[in-house]
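The structure appears below as structure tokens.
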Amino acid sequence: MSLKFLGMLPLILLIREIDFNNPTNLIVLRIVFFVVQSALLLVMANLYTRVRKAVDHTPLEVPPQPKFGAPVDEDQGPEFTTVTNYDISQLRQLLLKLGMGMGITSVLHFYWHFNPPMLMQCVVNPMQLFSSPLFKLYFLGHLPVGALERPWVEENPLKDWLMGKQADTVKPKKRVKETKKSKKARA
């Protein structure tokens, strides 16, 4: 089990203890959410400038990526790009993930008055950004070797779990015993 998920357990217990009917708690929650998400956007902007400054025209072969809900097209060949362009495309995907989380959480809170996701996003979004390969390369100064070697494989525990379950459910075919009739028919 990932440490990210283990870190969520105390947060879930904390959320149960907070009284969101208290207007002070609600205002504090909104301020914390706004500050955390604004800080993330500033870090993303800084990350973008760092990627643009580190111009790397090294050619990179990127295998075809599956589109949402569609399988990988077997006929489509790999895409050729540069390291800088690849990093910018990965930054856009990360910004889209974080933006979707912010947007959905805001809708849940302001339209349906559902408060726990706001507190969850204050923890999940920074964890998602800090665990991204771009942050590790450009902020922490890690070298692009091993798991940080481009192109990156996106971790999807749900897909891995489902694929593992499917592999478990596929059973090998049983051998059918030959009967005397089938032996005579074959002969």
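Note on naming: chains are A, B, ... as they come in the structure tokens, residues start from 1 per chain, ligands start from 1 in the order shown.
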Could you build a table of the residues in stretch 91-161 of chain A lying no more than 12 Å from stretch 21-41 of chain A, giving for each the nearest pair of atoms and their separation in Å rounded to one decimal place, using only C-alpha atoms, ordered by chain and ascending residue number, as a Markdown table?
```
| residue | atom | partner | partner_atom | distance |
| --- | --- | --- | --- | --- |
| A:Leu91 | CA | A:Leu41 | CA | 11.7 |
| A:Leu94 | CA | A:Leu41 | CA | 11.0 |
| A:Leu95 | CA | A:Leu41 | CA | 8.4 |
| A:Leu96 | CA | A:Leu41 | CA | 11.4 |
| A:Leu98 | CA | A:Leu40 | CA | 8.8 |
| A:Gly99 | CA | A:Leu41 | CA | 9.2 |
| A:Met100 | CA | A:Gln37 | CA | 11.9 |
| A:Gly101 | CA | A:Gln37 | CA | 10.2 |
| A:Met102 | CA | A:Gln37 | CA | 7.6 |
| A:Gly103 | CA | A:Gln37 | CA | 10.8 |
| A:Thr105 | CA | A:Phe33 | CA | 10.0 |
| A:Ser106 | CA | A:Phe33 | CA | 9.6 |
| A:His109 | CA | A:Arg30 | CA | 9.5 |
| A:Phe110 | CA | A:Arg30 | CA | 10.3 |
| A:His113 | CA | A:Asn21 | CA | 10.3 |
| A:Phe114 | CA | A:Leu26 | CA | 10.9 |
| A:Asn115 | CA | A:Leu26 | CA | 8.1 |
| A:Pro116 | CA | A:Leu29 | CA | 9.4 |
| A:Pro117 | CA | A:Phe33 | CA | 10.0 |
| A:Met118 | CA | A:Phe33 | CA | 6.3 |
| A:Leu119 | CA | A:Leu29 | CA | 6.8 |
| A:Met120 | CA | A:Phe33 | CA | 9.4 |
| A:Gln121 | CA | A:Phe33 | CA | 7.6 |
| A:Cys122 | CA | A:Phe33 | CA | 5.8 |
| A:Val123 | CA | A:Val36 | CA | 8.7 |
| A:Val124 | CA | A:Val36 | CA | 10.7 |
| A:Asn125 | CA | A:Leu40 | CA | 7.9 |
| A:Pro126 | CA | A:Leu40 | CA | 6.9 |
| A:Met127 | CA | A:Leu40 | CA | 10.5 |
| A:Gln128 | CA | A:Leu40 | CA | 10.4 |
| A:Leu129 | CA | A:Leu40 | CA | 7.9 |
| A:Phe130 | CA | A:Leu40 | CA | 9.9 |
| A:Phe135 | CA | A:Leu40 | CA | 11.5 |
```
**Request:** Find, counting only C-alpha atoms, the residue in A:Arg50, A:Thr81, A:Glu154, A:Tyr86 that gets nearest to A:Gly141.
**Result:** A:Arg50
**Message:** Measuring between only C-alpha atoms, which one of A:Ala147, A:Leu14, A:Ile88, A:Val107 shows the shortest distance to A:Ala45?
**Reply:**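 Selected residue with least distance to A:Ala45: A:Ile88.
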**Request:** Write out as a PyMOL selection string all residues of stretch 54-137 of chain A that DSSP puts in strand (DSSP E) for this structure's backbone.
**Result:** chain A and resi 59-62+79-82
**Message:** Quick check for you: according to DSSP on this backbone, which residues of stretch 17-123 of chain A are classed as alpha helix (DSSP H)? Reply as a PyMOL selection string.
**Reply:** chain A and resi 17+23-53+83-112+116-123
